[in-house]
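Worksheet for the structure shown next.
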Amino acid sequence: MLPGIEQLSAILFDVDGTLIDSNDAHADGWAQALTEHGIPRDAGQVRPLIGMGSDKLLPAIAGLEEASPRGRAVAGRKKELFTTRLPHLRPTRGARALVSYLRDQGKKIVIATSASDDEMDAILQQAGVADLIPRRTSSDDADRSKPDPDIVVAALQQAGAPSDGTVMIGDTPYDLEAARRAGIAAIALRCGGCWSDADLGAAIAIFDDPDAVLAHWR
């Protein structure tokens, strides 16, 4: 059951697909980068894996280790491709309004994402929320990406809030699994696309987008 806003001390946010409509751009970038490096893949094959970090995605889609020379080359090229797409991406509906509301309510807000630090800063700027979220954890703060819980655990520690007073908001089954393994509840958003409500069934509640969450808590 979704707790009322007065019961929460902290909210942890995923970014891609949650605060910005970027999942398709990530899938396109990975598919093109893999194909350019002799591993033909299309975006449809990659799309269900978006939400994992590259340490999980590359072995799953191509049998490549992220730290291998080929893995580093593919990941580097994907980063270049995504950077060119980023200026054309838009926030999800209600993203800034929800974060602003939570700040006004005195809640601690921490980003918990598989993106790297430099990528995250640019993505949060494009999402229109960078000025509202000072606390951030990224792949640089964790050994393993989602669905492993490392990033969520780091975000929870940064929030300094009790697990039963914290909820994570994300858009993929990997967010939900990471939250579960970190011992906190999670809210799922449909705006990330690709996943059915059944895929997101581990969430305590499912909403269309941040605007719908805001409407509920208000």
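For the structure tokens, the naming scheme is as follows: chains receive sequential letters (A, B, ...) according to their order of presentation, residues are indexed from 1 within each chain, and ligands are indexed from 1 in presentation order.
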
Considering only C-alpha atoms, give me a table of residues in region 37-139 of chain A that are at most 9 Å from region 147-165 of chain A, with the closest atom pair and distance in Å for each, as CSV.
residue,atom,partner,partner_atom,distance
A:Gly51,CA,A:Pro147,CA,8.4
A:Met52,CA,A:Pro147,CA,6.7
A:Gly53,CA,A:Pro147,CA,8.8
A:Lys56,CA,A:Pro147,CA,8.8
A:Lys108,CA,A:Ala159,CA,6.2
A:Ile109,CA,A:Ala159,CA,7.2
A:Val110,CA,A:Ala155,CA,6.1
A:Ile111,CA,A:Ala155,CA,6.9
A:Ala112,CA,A:Ala155,CA,5.8
A:Thr113,CA,A:Ile151,CA,6.8
A:Ser114,CA,A:Ile151,CA,7.4
A:Arg135,CA,A:Gln158,CA,7.3
A:Arg136,CA,A:Ala155,CA,7.1
A:Thr137,CA,A:Ala155,CA,5.7
A:Ser138,CA,A:Ile151,CA,6.6
A:Ser139,CA,A:Ile151,CA,6.9

Hey, can you spit out that residue selection with N, CA and C atoms as a compact mmCIF listing (two decimals), in the first residue's frame?
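To be explicit, this is the file written out as out.txt:
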# COMPACT_ATOMS: atom_id res chain seq x y z
N GLY A 51 17.76 0.20 -18.35
CA GLY A 51 17.53 0.26 -16.90
C GLY A 51 18.64 -0.46 -16.16
N MET A 52 19.29 -1.39 -16.85
CA MET A 52 20.52 -1.99 -16.34
C MET A 52 21.69 -1.06 -16.65
N GLY A 53 22.75 -1.18 -15.88
CA GLY A 53 23.98 -0.51 -16.24
C GLY A 53 24.71 -1.29 -17.33
N LYS A 56 25.84 -4.88 -16.83
CA LYS A 56 24.86 -5.96 -16.99
C LYS A 56 24.39 -6.07 -18.44
N LYS A 108 13.70 14.51 1.83
CA LYS A 108 15.03 14.32 1.26
C LYS A 108 14.87 13.62 -0.09
N ILE A 109 15.55 14.13 -1.09
CA ILE A 109 15.44 13.59 -2.45
C ILE A 109 16.83 13.20 -2.92
N VAL A 110 16.98 11.95 -3.33
CA VAL A 110 18.28 11.47 -3.78
C VAL A 110 18.10 10.73 -5.10
N ILE A 111 18.99 11.00 -6.04
CA ILE A 111 19.00 10.28 -7.31
C ILE A 111 19.75 8.96 -7.14
N ALA A 112 19.17 7.89 -7.68
CA ALA A 112 19.81 6.57 -7.65
C ALA A 112 19.75 6.00 -9.06
N THR A 113 20.83 6.17 -9.81
CA THR A 113 20.82 5.80 -11.22
C THR A 113 22.06 5.02 -11.61
N SER A 114 21.91 4.22 -12.66
CA SER A 114 23.04 3.47 -13.21
C SER A 114 23.91 4.30 -14.13
N ARG A 135 21.41 15.91 -3.82
CA ARG A 135 21.95 14.60 -3.40
C ARG A 135 21.82 13.61 -4.56
N ARG A 136 22.96 13.02 -4.94
CA ARG A 136 22.95 12.13 -6.10
C ARG A 136 23.91 10.96 -5.88
N THR A 137 23.48 9.80 -6.29
CA THR A 137 24.39 8.66 -6.37
C THR A 137 24.31 8.13 -7.80
N SER A 138 25.39 7.56 -8.26
CA SER A 138 25.47 7.10 -9.64
C SER A 138 26.24 5.80 -9.69
N SER A 139 26.54 5.35 -10.91
CA SER A 139 27.33 4.12 -11.07
C SER A 139 28.71 4.28 -10.45

Need the shell around region 174-189 of chain A: protein/DNA/RNA residues with any atom at most 6 Å away, counting only C-alpha atoms. Skip same-chain ones fewer than 3 positions apart. Format as number ranges by chain? A: 146-149, 153, 163, 167-171, 203-209

Pull N, CA and C atoms from the residues just selected and write them as an mmCIF file, in the first residue's frame.
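Done, and the output landed in result.cif:
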data_model
loop_
_atom_site.group_PDB
_atom_site.id
_atom_site.type_symbol
_atom_site.label_atom_id
_atom_site.label_comp_id
_atom_site.auth_asym_id
_atom_site.auth_seq_id
_atom_site.Cartn_x
_atom_site.Cartn_y
_atom_site.Cartn_z
ATOM 1 N N LYS A 146 21.962 -1.800 -11.188
ATOM 2 C CA LYS A 146 20.666 -2.459 -11.029
ATOM 3 C C LYS A 146 20.559 -3.633 -12.013
ATOM 4 N N PRO A 147 19.933 -4.720 -11.615
ATOM 5 C CA PRO A 147 19.083 -4.892 -10.443
ATOM 6 C C PRO A 147 19.799 -5.218 -9.139
ATOM 7 N N ASP A 148 21.130 -5.263 -9.113
ATOM 8 C CA ASP A 148 21.811 -5.358 -7.823
ATOM 9 C C ASP A 148 21.468 -4.106 -7.012
ATOM 10 N N PRO A 149 21.476 -4.202 -5.697
ATOM 11 C CA PRO A 149 20.976 -3.107 -4.866
ATOM 12 C C PRO A 149 21.993 -2.032 -4.533
ATOM 13 N N VAL A 153 21.257 1.211 -2.156
ATOM 14 C CA VAL A 153 21.823 1.236 -0.799
ATOM 15 C C VAL A 153 22.634 2.509 -0.593
ATOM 16 N N SER A 163 14.712 2.993 6.306
ATOM 17 C CA SER A 163 14.208 2.296 5.124
ATOM 18 C C SER A 163 12.686 2.288 5.082
ATOM 19 N N VAL A 167 10.910 5.609 -0.027
ATOM 20 C CA VAL A 167 10.360 4.903 -1.177
ATOM 21 C C VAL A 167 11.180 5.278 -2.407
ATOM 22 N N MET A 168 11.301 4.333 -3.330
ATOM 23 C CA MET A 168 11.986 4.613 -4.593
ATOM 24 C C MET A 168 10.955 4.745 -5.697
ATOM 25 N N ILE A 169 11.189 5.668 -6.630
ATOM 26 C CA ILE A 169 10.326 5.835 -7.796
ATOM 27 C C ILE A 169 11.152 5.504 -9.037
ATOM 28 N N GLY A 170 10.703 4.510 -9.788
ATOM 29 C CA GLY A 170 11.417 4.087 -10.990
ATOM 30 C C GLY A 170 10.462 3.574 -12.044
ATOM 31 N N ASP A 171 10.997 3.179 -13.180
ATOM 32 C CA ASP A 171 10.146 2.798 -14.302
ATOM 33 C C ASP A 171 10.439 1.420 -14.871
ATOM 34 N N ALA A 203 5.920 -3.485 -7.522
ATOM 35 C CA ALA A 203 5.749 -2.150 -6.960
ATOM 36 C C ALA A 203 4.564 -2.114 -6.001
ATOM 37 N N ILE A 204 4.614 -1.195 -5.040
ATOM 38 C CA ILE A 204 3.476 -1.030 -4.126
ATOM 39 C C ILE A 204 2.358 -0.233 -4.789
ATOM 40 N N ALA A 205 2.695 0.477 -5.861
ATOM 41 C CA ALA A 205 1.707 1.221 -6.646
ATOM 42 C C ALA A 205 2.296 1.494 -8.020
ATOM 43 N N ILE A 206 1.430 1.607 -9.025
ATOM 44 C CA ILE A 206 1.848 1.915 -10.389
ATOM 45 C C ILE A 206 1.074 3.128 -10.870
ATOM 46 N N PHE A 207 1.805 4.116 -11.396
ATOM 47 C CA PHE A 207 1.202 5.337 -11.917
ATOM 48 C C PHE A 207 1.674 5.555 -13.345
ATOM 49 N N ASP A 208 0.939 6.392 -14.080
ATOM 50 C CA ASP A 208 1.331 6.669 -15.450
ATOM 51 C C ASP A 208 2.638 7.452 -15.533
ATOM 52 N N ASP A 209 2.812 8.433 -14.649
ATOM 53 C CA ASP A 209 3.953 9.342 -14.748
ATOM 54 C C ASP A 209 4.073 10.157 -13.458
#

Spatial neighbours of region 30-36 of chain A, 6 Å, only C-alpha atoms, chain gap at least 5 places, as a PDB file with C-alpha atoms, in the first residue's frame:
ATOM      1  CA  ARG A  41      21.631  -5.599 -32.869  1.00  0.00           C
ATOM      2  CA  ASP A  42      18.471  -3.576 -33.304  1.00  0.00           C
ATOM      3  CA  ALA A  43      16.897  -1.270 -30.762  1.00  0.00           C
ATOM      4  CA  VAL A  74      31.158  -0.061 -27.523  1.00  0.00           C
ATOM      5  CA  ARG A  77      30.615   4.981 -28.709  1.00  0.00           C
ATOM      6  CA  LYS A  78      27.169   4.581 -27.152  1.00  0.00           C
TER       7      LYS A  78
END

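Across A:Ala127, A:Leu8, A:Leu89, A:Ala115, the tightest approach to Ser54 (chain A) is made by A:Ala115 when counting only C-alpha atoms.
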
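Considering the residues A:Ser196, A:Gln45, A:Thr83, A:Ser100 and counting only C-alpha atoms, Ile123 (chain A) has its shortest atom-to-atom contact with A:Thr83.
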
Could you pull the residues within 10 Å of Glu6 (chain A), counting only C-alpha atoms, minus those fewer than 5 positions along the same chain, as a list in words? Gln105, Gly106, Lys107, Gly165 and Trp217 of chain A

Please produce a file of those selected residues containing C-alpha atoms, as a PDB file, in the first residue's frame.
ATOM      1  CA  GLN A 105       7.265  19.198   1.873  1.00  0.00           C
ATOM      2  CA  GLY A 106      10.742  18.917   3.378  1.00  0.00           C
ATOM      3  CA  LYS A 107      11.492  15.483   1.971  1.00  0.00           C
ATOM      4  CA  GLY A 165      10.321   5.932   5.681  1.00  0.00           C
ATOM      5  CA  TRP A 217       0.035  12.801  -2.854  1.00  0.00           C
TER       6      TRP A 217
END

Secondary structure check, strand (DSSP E) residues of region 22-129 of chain A, as a PyMOL selection string: chain A and resi 108-112

For Gln126 (chain A), which residue out of A:Pro48, A:Asp104, A:Ile20, A:Thr172 is the nearest one, using only C-alpha atoms? A:Ile20

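Compared by their closest atoms to Ala73 (chain A), and using only C-alpha atoms, the residues A:Arg96, A:Gly38, A:Leu102, A:Asp16 rank with A:Gly38 nearest.
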